[in-house]
>>> print(open('structure_14.txt').read())   # compact mmCIF, C-alpha atoms
# COMPACT_ATOMS: atom_id res chain seq x y z
CA MET Y 5 33.53 47.57 -13.47
CA SER Y 6 31.81 49.98 -15.88
CA GLU Y 7 32.94 48.29 -19.10
CA THR Y 8 30.69 45.79 -20.80
CA HIS Y 9 31.82 42.88 -22.90
CA SER Y 10 29.11 43.50 -25.46
CA PRO Y 11 28.97 46.33 -27.98
CA THR Y 12 25.20 45.96 -28.33
CA ALA Y 13 24.05 46.16 -24.68
CA LEU Y 14 22.25 49.41 -23.93
CA PRO Y 15 24.66 51.68 -22.05
CA ALA Y 16 24.18 53.94 -19.03
CA GLY Y 17 22.20 57.07 -19.79
CA ARG Y 18 19.63 55.42 -22.07
CA ALA Y 19 16.00 55.02 -21.09
CA ALA Y 20 15.17 51.40 -20.33
CA PRO Y 21 12.82 49.99 -22.99
CA ALA Y 22 9.35 49.28 -21.59
CA PHE Y 23 8.27 45.66 -21.29
CA THR Y 24 5.60 43.43 -19.83
CA LEU Y 25 6.43 39.79 -19.22
CA PRO Y 26 4.80 36.89 -17.43
CA ALA Y 27 6.18 36.18 -13.95
CA THR Y 28 3.86 33.25 -13.26
CA PRO Y 29 1.24 31.45 -15.36
CA ASP Y 30 -1.33 34.11 -14.37
CA GLN Y 31 0.68 37.22 -13.46
CA THR Y 32 2.68 39.70 -15.46
CA VAL Y 33 5.24 42.30 -14.43
CA SER Y 34 5.81 45.56 -16.32
CA LEU Y 35 8.84 47.75 -15.98
CA ASP Y 36 6.33 50.56 -15.37
CA ASP Y 37 5.03 48.71 -12.29
CA LEU Y 38 8.52 48.93 -10.85
CA ARG Y 39 8.95 52.69 -11.39
CA GLY Y 40 9.75 54.80 -8.34
CA LYS Y 41 12.50 52.53 -7.06
CA PRO Y 42 15.75 51.35 -8.55
CA VAL Y 43 15.44 48.10 -10.46
CA ILE Y 44 18.08 45.47 -11.09
CA LEU Y 45 17.47 43.48 -14.27
CA ALA Y 46 19.49 40.31 -14.37
CA PHE Y 47 19.32 38.59 -17.75
CA TYR Y 48 20.72 35.06 -17.67
CA PRO Y 49 21.04 32.22 -20.16
CA ALA Y 50 18.90 29.52 -18.55
CA ASP Y 51 17.36 28.10 -15.40
CA TRP Y 52 19.07 25.07 -13.85
CA SER Y 53 22.73 25.91 -14.25
CA PRO Y 54 25.10 24.20 -11.75
CA VAL Y 55 24.17 24.50 -8.11
CA CYS Y 56 26.49 26.54 -5.89
CA GLY Y 57 27.83 28.84 -8.57
CA ASP Y 58 24.34 29.70 -9.71
CA GLN Y 59 23.84 33.42 -10.20
CA MET Y 60 20.14 33.55 -9.28
CA ALA Y 61 20.70 31.49 -6.12
CA LEU Y 62 23.54 33.81 -5.16
CA TYR Y 63 21.38 36.90 -5.69
CA ASN Y 64 18.70 35.24 -3.59
CA GLU Y 65 21.17 35.15 -0.69
CA ILE Y 66 22.12 38.77 -1.29
CA LEU Y 67 18.54 40.01 -1.65
CA PRO Y 68 18.59 41.78 1.76
CA GLU Y 69 21.55 43.88 0.55
CA PHE Y 70 19.64 44.91 -2.57
CA HIS Y 71 16.56 45.76 -0.51
CA LYS Y 72 18.70 47.80 1.87
CA ALA Y 73 19.58 49.94 -1.14
CA GLY Y 74 15.86 50.24 -1.94
CA ALA Y 75 16.22 48.22 -5.11
CA GLN Y 76 14.08 45.48 -6.58
CA LEU Y 77 15.56 42.54 -8.43
CA VAL Y 78 14.05 40.66 -11.34
CA GLY Y 79 15.63 37.81 -13.25
CA ILE Y 80 14.88 37.35 -16.96
CA SER Y 81 15.56 34.38 -19.22
CA VAL Y 82 13.88 32.76 -22.21
CA ASP Y 83 12.64 29.86 -20.08
CA GLY Y 84 8.88 29.38 -19.84
CA VAL Y 85 6.79 30.22 -16.78
CA TRP Y 86 6.46 26.61 -15.63
CA CYS Y 87 10.17 26.10 -15.85
CA HIS Y 88 10.72 29.29 -13.84
CA ALA Y 89 8.15 28.14 -11.29
CA ALA Y 90 9.93 24.82 -10.80
CA PHE Y 91 13.35 26.49 -10.66
CA ALA Y 92 12.27 29.23 -8.24
CA GLY Y 93 10.54 26.65 -6.05
CA GLU Y 94 13.50 24.32 -5.92
CA ARG Y 95 16.00 27.11 -5.20
CA LYS Y 96 13.59 28.92 -2.85
CA LEU Y 97 14.00 32.17 -4.74
CA HIS Y 98 12.31 35.21 -3.19
CA PHE Y 99 12.25 37.45 -6.26
CA PRO Y 100 10.41 37.24 -9.59
CA LEU Y 101 11.78 35.45 -12.63
CA LEU Y 102 10.31 36.81 -15.84
CA SER Y 103 9.74 34.71 -18.89
CA ASP Y 104 11.04 36.25 -22.14
CA PHE Y 105 9.52 33.34 -23.98
CA GLU Y 106 7.07 34.66 -26.58
CA PRO Y 107 8.09 36.30 -28.79
CA LYS Y 108 11.26 34.58 -27.75
CA GLY Y 109 13.94 36.86 -26.37
CA ALA Y 110 12.15 40.06 -27.45
CA VAL Y 111 13.00 41.92 -24.25
CA ALA Y 112 16.60 40.69 -24.27
CA ARG Y 113 16.83 41.95 -27.86
CA SER Y 114 15.43 45.35 -26.88
CA PHE Y 115 18.21 45.66 -24.29
CA GLY Y 116 20.79 44.45 -26.83
CA VAL Y 117 21.64 41.29 -24.95
CA TYR Y 118 20.20 38.43 -27.01
CA ARG Y 119 22.45 35.76 -28.47
CA ASP Y 120 20.92 34.79 -31.81
CA LYS Y 121 23.12 31.79 -32.37
CA GLU Y 122 22.24 30.04 -29.12
CA GLY Y 123 18.76 31.53 -28.73
CA ILE Y 124 19.37 32.70 -25.16
CA ALA Y 125 19.97 35.92 -23.24
CA GLU Y 126 23.46 37.06 -22.35
CA ARG Y 127 24.49 37.10 -18.71
CA ALA Y 128 23.73 40.81 -18.53
CA LEU Y 129 23.02 43.21 -15.70
CA PHE Y 130 21.21 46.54 -15.81
CA VAL Y 131 20.70 48.92 -12.92
CA ILE Y 132 17.80 51.23 -13.72
CA ASP Y 133 17.03 54.27 -11.58
CA ALA Y 134 13.64 55.25 -10.16
CA ALA Y 135 12.91 57.30 -13.28
CA GLY Y 136 13.54 54.41 -15.66
CA ILE Y 137 17.00 55.44 -16.89
CA ILE Y 138 19.73 52.81 -17.20
CA ARG Y 139 22.53 53.88 -14.87
CA TRP Y 140 24.85 50.91 -15.26
CA SER Y 141 25.06 47.89 -17.49
CA PHE Y 142 27.42 44.98 -17.65
CA VAL Y 143 27.68 41.87 -19.78
CA SER Y 144 29.63 39.00 -18.31
CA PRO Y 145 31.22 36.20 -20.32
CA LEU Y 146 28.46 33.57 -20.58
CA GLY Y 147 30.16 31.05 -18.32
CA ILE Y 148 31.16 33.52 -15.62
CA ASN Y 149 28.77 34.50 -12.89
CA PRO Y 150 29.41 38.24 -12.48
CA GLY Y 151 28.65 38.29 -8.74
CA ALA Y 152 27.01 41.36 -7.22
CA ASP Y 153 29.82 43.82 -6.51
CA GLY Y 154 29.11 45.82 -9.67
CA ILE Y 155 25.39 46.03 -8.89
CA LEU Y 156 26.01 47.24 -5.34
CA GLU Y 157 28.54 49.80 -6.53
CA ALA Y 158 26.04 51.08 -9.10
CA LEU Y 159 23.33 51.30 -6.43
CA ASP Y 160 25.77 53.19 -4.16
CA ASN Y 161 26.40 55.67 -6.95
CA LEU Y 162 22.67 56.05 -7.48
CA GLY Y 163 22.26 56.87 -3.80
CA ALA Y 164 25.10 59.39 -3.93
CA ALA Y 165 23.71 61.06 -7.03
CA ALA Y 166 20.06 61.18 -5.98
CA PRO Y 167 19.99 64.34 -3.79
CA SER Y 168 21.55 66.59 -6.43
CA GLU Y 169 18.85 65.57 -8.90
CA GLY Y 170 16.14 66.78 -6.58
CA THR Y 171 13.96 63.74 -7.14
CA ALA Y 172 11.75 63.62 -4.11
CA SER Y 173 10.67 60.13 -3.15
CA MET O 17 39.10 42.76 -12.52
CA THR O 18 37.37 41.76 -9.36
CA ARG O 19 39.33 42.65 -6.25
CA LEU O 20 39.22 41.64 -2.63
CA ALA O 21 37.46 44.50 -0.82
CA ILE O 22 38.63 43.58 2.68
CA PRO O 23 42.40 43.18 3.13
CA VAL O 24 43.60 40.16 5.06
CA GLY O 25 43.88 41.18 8.70
CA SER O 26 43.73 40.14 12.32
CA GLN O 27 40.06 39.15 11.99
CA ASP O 28 41.00 36.38 9.55
CA HIS O 29 41.72 32.69 9.94
CA VAL O 30 45.16 32.27 8.45
CA GLN O 31 47.59 29.46 7.71
CA GLY O 32 51.10 30.50 6.70
CA GLN O 33 53.20 33.61 7.15
CA ALA O 34 52.19 37.20 6.48
CA GLN O 35 55.38 37.67 4.44
CA ALA O 36 54.54 34.75 2.12
CA ALA O 37 54.87 35.70 -1.55
CA VAL O 38 51.28 34.83 -2.33
CA THR O 39 48.02 34.84 -0.41
CA LEU O 40 45.08 32.65 -1.34
CA VAL O 41 41.73 33.64 0.16
CA GLU O 42 38.83 31.20 0.01
CA TYR O 43 35.24 32.26 0.55
CA GLY O 44 33.58 29.01 1.48
CA ASP O 45 30.46 27.31 2.76
CA TYR O 46 30.85 24.14 4.84
CA GLU O 47 27.83 22.50 3.26
CA CYS O 48 28.65 23.35 -0.35
CA PRO O 49 29.66 20.25 -2.30
CA TYR O 50 31.99 22.24 -4.55
CA CYS O 51 33.84 23.51 -1.48
CA GLY O 52 34.01 19.92 -0.32
CA GLU O 53 35.58 18.99 -3.66
CA ALA O 54 38.02 21.86 -3.36
CA TYR O 55 39.04 20.95 0.19
CA PRO O 56 41.57 18.17 -0.61
CA VAL O 57 42.74 20.13 -3.66
CA LEU O 58 43.57 23.16 -1.53
CA LYS O 59 45.38 20.95 0.98
CA ALA O 60 47.51 19.57 -1.86
CA VAL O 61 48.11 23.11 -3.14
CA GLN O 62 49.27 24.18 0.32
CA ARG O 63 51.68 21.25 0.48
CA ALA O 64 53.02 22.04 -2.99
CA MET O 65 53.51 25.74 -2.25
CA GLY O 66 54.96 25.37 1.25
CA ASP O 67 56.23 28.61 2.81
CA GLN O 68 55.44 30.58 -0.32
CA LEU O 69 51.71 30.46 0.42
CA ARG O 70 49.47 32.06 2.99
CA PHE O 71 45.95 30.60 3.04
CA VAL O 72 42.91 32.40 4.45
CA PHE O 73 39.39 31.07 4.94
CA ARG O 74 36.38 33.39 5.10
CA ASN O 75 32.75 32.50 5.67
CA PHE O 76 30.26 32.63 2.84
CA PRO O 77 27.36 30.46 4.00
CA LEU O 78 24.61 30.17 1.37
CA ALA O 79 22.03 29.77 4.06
CA GLU O 80 18.95 29.68 1.81
CA MET O 81 20.43 26.80 -0.14
CA HIS O 82 22.26 25.00 2.65
CA PRO O 83 20.28 24.78 5.88
CA HIS O 84 23.28 23.69 7.99
CA ALA O 85 25.87 26.06 6.56
CA LEU O 86 25.40 28.90 9.04
CA ARG O 87 25.46 26.62 12.10
CA ALA O 88 28.59 24.94 10.81
CA ALA O 89 30.24 28.35 10.36
CA GLU O 90 29.21 29.29 13.91
CA PHE O 91 30.76 26.06 15.14
CA ALA O 92 34.08 26.81 13.40
CA GLU O 93 34.10 30.32 14.86
CA THR O 94 33.45 28.83 18.31
CA ALA O 95 36.44 26.56 17.88
CA ALA O 96 38.50 29.54 16.70
CA GLU O 97 38.00 31.22 20.08
CA LEU O 98 39.92 28.29 21.55
CA GLY O 99 42.58 28.30 18.85
CA LYS O 100 41.09 25.32 17.06
CA PHE O 101 39.63 26.90 13.96
CA TRP O 102 41.54 24.82 11.43
CA GLN O 103 40.82 21.55 13.21
CA ALA O 104 37.12 22.43 13.12
CA HIS O 105 37.32 23.61 9.50
CA ASP O 106 38.94 20.33 8.45
CA MET O 107 36.55 18.21 10.47
CA LEU O 108 33.54 19.94 8.90
CA TYR O 109 34.82 19.46 5.36
CA GLU O 110 35.73 15.86 6.06
CA ASN O 111 32.20 15.22 7.33
CA GLN O 112 30.17 17.46 5.04
CA THR O 113 27.12 15.25 4.94
CA ALA O 114 26.76 15.21 8.74
CA LEU O 115 26.28 18.80 9.87
CA ARG O 116 23.21 18.64 12.06
CA ASP O 117 23.46 20.12 15.55
CA ALA O 118 23.99 16.67 17.09
CA ASP O 119 26.94 16.15 14.73
CA LEU O 120 28.41 19.53 15.67
CA TYR O 121 28.23 18.66 19.37
CA ALA O 122 29.99 15.37 18.64
CA TYR O 123 32.75 17.19 16.72
CA GLY O 124 32.99 19.61 19.62
CA LEU O 125 33.69 16.77 22.01
CA ARG O 126 36.34 15.39 19.68
CA LEU O 127 38.00 18.81 19.65
CA GLY O 128 37.71 19.21 23.40
CA LEU O 129 34.88 21.77 23.29
CA ASP O 130 32.35 21.23 26.04
CA THR O 131 28.69 21.03 25.17
CA ASP O 132 28.11 24.35 26.96
CA VAL O 133 30.76 26.05 24.87
CA VAL O 134 29.21 24.78 21.65
CA THR O 135 25.72 25.78 22.81
CA GLN O 136 26.96 29.31 23.50
CA GLY O 137 28.75 29.45 20.17
CA LEU O 138 25.57 28.52 18.31
CA ASP O 139 23.50 31.23 20.00
CA GLY O 140 24.17 33.82 17.33
CA ARG O 141 27.14 35.57 18.92
CA PHE O 142 29.30 34.95 15.84
CA ASP O 143 26.64 35.92 13.32
CA ARG O 144 28.00 39.43 13.00
CA LYS O 145 31.50 38.21 12.18
CA ILE O 146 30.09 35.71 9.69
CA LYS O 147 27.89 38.39 8.15
CA GLU O 148 30.89 40.71 7.82
CA ASP O 149 32.77 38.01 5.96
CA PHE O 150 29.74 37.47 3.74
CA THR O 151 29.16 41.16 2.97
CA GLY O 152 32.86 41.73 2.32
CA GLY O 153 32.72 38.77 -0.03
CA ILE O 154 29.81 40.19 -2.00
CA ARG O 155 31.63 43.51 -2.34
CA SER O 156 34.68 41.63 -3.57
CA GLY O 157 32.75 39.88 -6.33
CA VAL O 158 32.30 36.49 -4.72
CA ASN O 159 30.11 34.73 -7.26
CA GLY O 160 29.41 31.42 -5.62
CA THR O 161 31.28 29.00 -3.45
CA PRO O 162 34.09 28.39 -3.32
CA SER O 163 35.41 31.75 -4.58
CA LEU O 164 39.16 32.08 -4.56
CA PHE O 165 41.26 35.24 -4.58
CA ILE O 166 44.96 35.15 -5.40
CA ASN O 167 46.83 38.18 -4.08
CA GLY O 168 43.53 40.03 -4.02
CA LEU O 169 42.25 39.17 -7.50
CA ARG O 170 39.38 36.76 -8.09
CA TYR O 171 40.57 33.54 -9.67
CA ASP O 172 38.18 32.24 -12.33
CA GLY O 173 40.37 29.41 -13.63
CA GLU O 174 40.20 25.66 -13.19
CA ARG O 175 40.25 24.37 -9.63
CA ASP O 176 42.62 21.44 -9.98
CA VAL O 177 45.95 21.27 -8.17
CA ASP O 178 48.14 21.92 -11.22
CA SER O 179 46.15 24.92 -12.47
CA LEU O 180 46.05 26.47 -9.01
CA VAL O 181 49.72 25.91 -8.28
CA SER O 182 50.75 27.42 -11.59
CA ALA O 183 48.47 30.44 -11.04
CA LEU O 184 49.88 30.88 -7.53
CA ARG O 185 53.48 30.61 -8.74
CA GLN O 186 52.76 33.17 -11.44
CA ALA O 187 51.22 35.49 -8.84
CA ALA O 188 54.28 35.02 -6.63
CA ARG O 189 56.56 36.03 -9.53
CA ASP O 190 54.33 39.04 -10.38
CA ALA O 191 54.37 40.11 -6.74
CA ILE O 192 58.17 40.29 -6.70
CA ARG O 193 58.54 42.33 -9.86
CA PRO O 194 56.69 45.55 -8.88
CA ARG O 195 58.45 45.53 -5.52
CA ALA O 196 61.81 45.48 -7.33
CA ALA O 197 60.63 48.35 -9.50
CA THR O 198 59.68 50.59 -6.57
CA THR O 199 63.00 50.10 -4.76
CA ARG O 200 64.95 51.29 -7.75
>>> encode(input="structure_14.txt", output="structure tokens")
Amino acid sequence: MSETHSPTALPAGRAAPAFTLPATPDQTVSLDDLRGKPVILAFYPADWSPVCGDQMALYNEILPEFHKAGAQLVGISVDGVWCHAAFAGERKLHFPLLSDFEPKGAVARSFGVYRDKEGIAERALFVIDAAGIIRWSFVSPLGINPGADGILEALDNLGAAAPSEGTAS
Amino acid sequence: MTRLAIPVGSQDHVQGQAQAAVTLVEYGDYECPYCGEAYPVLKAVQRAMGDQLRFVFRNFPLAEMHPHALRAAEFAETAAELGKFWQAHDMLYENQTALRDADLYAYGLRLGLDTDVVTQGLDGRFDRKIKEDFTGGIRSGVNGTPSLFINGLRYDGERDVDSLVSALRQAARDAIRPRAATTR
């Protein structure tokens, strides 16, 4: 599960590039705000993909498992805040969707997961540790929802590695 | 490759023989329309494969999205206690748009499950089993419903009868080859 399908996606071991993006019309979220706990960044192509196979809706169901591992989840796409608001409302999502809208796809680019031709983010996952280091990344073929097994495995490994690093939390 | 984390075992609802050449595991949600679409397809696949196929159903209710999915899964587990899992499973998929509690009680009566039995079954006693299916599914890479695994590997191909049957036949052939190699 450690291989990515993209040569450009930032690999494990690199510091996650800082960003601040709108989560709602009047709120922003910075990666810095999320420091101190593992973060799952889920880049995805667009809101409103088909219902039951939808990656964000699936993660919404799995959210308790992510929280059990102490991790926070954020979704990122190039959709605007109002689109995200409608999508999150309709799907009853309980985690933030960030809008990589202006300049378009800048954060996806900084993580190496922007598709210039289509103007959308890859279906890319990053697990970032409490100190802001990428510990796992994965790019799925655009049409294939990657599920959550890789994320949970990466979070398990984070948990196993934490004591030896002496990071008190 | 995304692999089934929990091997098929005595906790599972199974149709077909353990020694079948190929095992198809479905993670499904009774309220999911795509599972409803897959239901007659999988029946046709079972008929086409005959004894070669073992079919397993595991619960993956997307409860945030489908308000009746968990109750329906509880109902099927209740029926399973009385050896009627597959009748309940089929009845739920054949009546996907009617999964309110009143409907479940009516299906119970049709299956010979008393109202009391259904009431007990819906009290949460099967939630742990359902949750175990769900968690095992996540760990296996279930990425929506239905998710299908053929001999332990997630199947991402088309879900029509011909595509499935040819994938299953291929898996059956692949399963025989390594076994021949190890007995050499």
>>> closest_residue(input="structure_14.txt", among="O:Asp28, O:Asp67, O:Asp172, O:Glu90", to="chain Y", atoms="only C-alpha atoms")
O:Asp172
>>> atom_distance(input="structure_14.txt", atom1="CA of Ala64 in chain O", atom2="CA of Gly25 in chain O")
24.2 Å
>>> residues_near_point(input="structure_14.txt", point="(12.9, 48.3, -9.4)", cutoff="8 Å", atoms="only C-alpha atoms", output="VMD selection string")
chain Y and resid 35 38 to 44 75 to 78 132 to 134
>>> closest_atom_pairs(input="structure_14.txt", of="chain Y", to="chain O", cutoff="7 Å", atoms="all atoms listed in the file", output="Markdown table")
| residue | atom | partner | partner_atom | distance |
| --- | --- | --- | --- | --- |
| Y:Cys56 | CA | O:Gly160 | CA | 5.7 |
| Y:Gly57 | CA | O:Gly160 | CA | 4.2 |
| Y:Asp58 | CA | O:Gly160 | CA | 6.7 |
| Y:Leu62 | CA | O:Gly160 | CA | 6.4 |
| Y:Glu65 | CA | O:Leu78 | CA | 6.4 |
| Y:Arg95 | CA | O:Met81 | CA | 6.7 |
| Y:Asn149 | CA | O:Asn159 | CA | 5.8 |
| Y:Pro150 | CA | O:Asn159 | CA | 6.3 |
| Y:Gly151 | CA | O:Asn159 | CA | 4.1 |
| Y:Ala152 | CA | O:Gly157 | CA | 6.0 |
| Y:Asp153 | CA | O:Arg155 | CA | 4.6 |
>>> residues_around(input="structure_14.txt", residues="Phe47 in chain Y", least_positions_apart="4", cutoff="8 Å", atoms="all atoms listed in the file", output="PyMOL selection string")
chain Y and resi 79-81+112+125-129
>>> closest_residue(input="structure_14.txt", among="O:Asp106, O:Glu97, O:Glu42, O:Asp117", to="Thr135 in chain O", atoms="only C-alpha atoms")
O:Asp117
>>> residues_around(input="structure_14.txt", residues="Arg87 in chain O", least_positions_apart="4", cutoff="10 Å", atoms="only C-alpha atoms", output="JSON, numbers by chain")
{"O": [46, 77, 79, 83, 91, 92, 93, 115, 116, 117, 120, 137, 138, 139, 140, 142, 143]}
>>> atom_distance(input="structure_14.txt", atom1="CA of Arg119 in chain Y", atom2="CA of Asp30 in chain Y")
27.7 Å
>>> atom_distance(input="structure_14.txt", atom1="CA of Tyr55 in chain O", atom2="CA of His105 in chain O")
9.8 Å
>>> residues_near_point(input="structure_14.txt", point="(32.5, 25.9, 24.0)", cutoff="10 Å", atoms="all atoms listed in the file", output="PDB file with C-alpha atoms, in the coordinates of the input")
ATOM      1  CA  PHE O  91      30.760  26.060  15.140  1.00  0.00           C
ATOM      2  CA  THR O  94      33.450  28.830  18.310  1.00  0.00           C
ATOM      3  CA  ALA O  95      36.440  26.560  17.880  1.00  0.00           C
ATOM      4  CA  GLU O  97      38.000  31.220  20.080  1.00  0.00           C
ATOM      5  CA  LEU O  98      39.920  28.290  21.550  1.00  0.00           C
ATOM      6  CA  TYR O 121      28.230  18.660  19.370  1.00  0.00           C
ATOM      7  CA  GLY O 124      32.990  19.610  19.620  1.00  0.00           C
ATOM      8  CA  LEU O 125      33.690  16.770  22.010  1.00  0.00           C
ATOM      9  CA  LEU O 127      38.000  18.810  19.650  1.00  0.00           C
ATOM     10  CA  GLY O 128      37.710  19.210  23.400  1.00  0.00           C
ATOM     11  CA  LEU O 129      34.880  21.770  23.290  1.00  0.00           C
ATOM     12  CA  ASP O 130      32.350  21.230  26.040  1.00  0.00           C
ATOM     13  CA  THR O 131      28.690  21.030  25.170  1.00  0.00           C
ATOM     14  CA  ASP O 132      28.110  24.350  26.960  1.00  0.00           C
ATOM     15  CA  VAL O 133      30.760  26.050  24.870  1.00  0.00           C
ATOM     16  CA  VAL O 134      29.210  24.780  21.650  1.00  0.00           C
ATOM     17  CA  THR O 135      25.720  25.780  22.810  1.00  0.00           C
ATOM     18  CA  GLN O 136      26.960  29.310  23.500  1.00  0.00           C
ATOM     19  CA  GLY O 137      28.750  29.450  20.170  1.00  0.00           C
ATOM     20  CA  LEU O 138      25.570  28.520  18.310  1.00  0.00           C
TER      21      LEU O 138
END
>>> build_atoms(input="structure_14.txt", residues="range 151-162 of chain O", atoms="N, CA and C atoms", output="mmCIF file, in the coordinates of the input")
data_model
loop_
_atom_site.group_PDB
_atom_site.id
_atom_site.type_symbol
_atom_site.label_atom_id
_atom_site.label_comp_id
_atom_site.auth_asym_id
_atom_site.auth_seq_id
_atom_site.Cartn_x
_atom_site.Cartn_y
_atom_site.Cartn_z
ATOM 1 N N THR O 151 29.352 39.868 3.642
ATOM 2 C CA THR O 151 29.160 41.160 2.970
ATOM 3 C C THR O 151 30.450 41.603 2.266
ATOM 4 N N GLY O 152 31.577 41.406 2.948
ATOM 5 C CA GLY O 152 32.860 41.730 2.320
ATOM 6 C C GLY O 152 33.073 40.892 1.061
ATOM 7 N N GLY O 153 32.621 39.662 1.125
ATOM 8 C CA GLY O 153 32.720 38.770 -0.030
ATOM 9 C C GLY O 153 31.901 39.272 -1.210
ATOM 10 N N ILE O 154 30.674 39.670 -0.927
ATOM 11 C CA ILE O 154 29.810 40.190 -2.000
ATOM 12 C C ILE O 154 30.478 41.393 -2.662
ATOM 13 N N ARG O 155 30.994 42.286 -1.818
ATOM 14 C CA ARG O 155 31.630 43.510 -2.340
ATOM 15 C C ARG O 155 32.885 43.194 -3.136
ATOM 16 N N SER O 156 33.463 42.029 -2.866
ATOM 17 C CA SER O 156 34.680 41.630 -3.570
ATOM 18 C C SER O 156 34.384 40.887 -4.868
ATOM 19 N N GLY O 157 33.101 40.614 -5.108
ATOM 20 C CA GLY O 157 32.750 39.880 -6.330
ATOM 21 C C GLY O 157 32.703 38.374 -6.146
ATOM 22 N N VAL O 158 32.531 37.928 -4.917
ATOM 23 C CA VAL O 158 32.300 36.490 -4.720
ATOM 24 C C VAL O 158 31.069 36.105 -5.536
ATOM 25 N N ASN O 159 31.207 35.061 -6.347
ATOM 26 C CA ASN O 159 30.110 34.730 -7.260
ATOM 27 C C ASN O 159 29.645 33.289 -7.091
ATOM 28 N N GLY O 160 29.788 32.792 -5.897
ATOM 29 C CA GLY O 160 29.410 31.420 -5.620
ATOM 30 C C GLY O 160 30.461 30.842 -4.711
ATOM 31 N N THR O 161 30.269 29.580 -4.322
ATOM 32 C CA THR O 161 31.280 29.000 -3.450
ATOM 33 C C THR O 161 31.830 27.722 -4.078
ATOM 34 N N PRO O 162 33.134 27.455 -3.926
ATOM 35 C CA PRO O 162 34.090 28.390 -3.320
ATOM 36 C C PRO O 162 34.477 29.500 -4.303
#
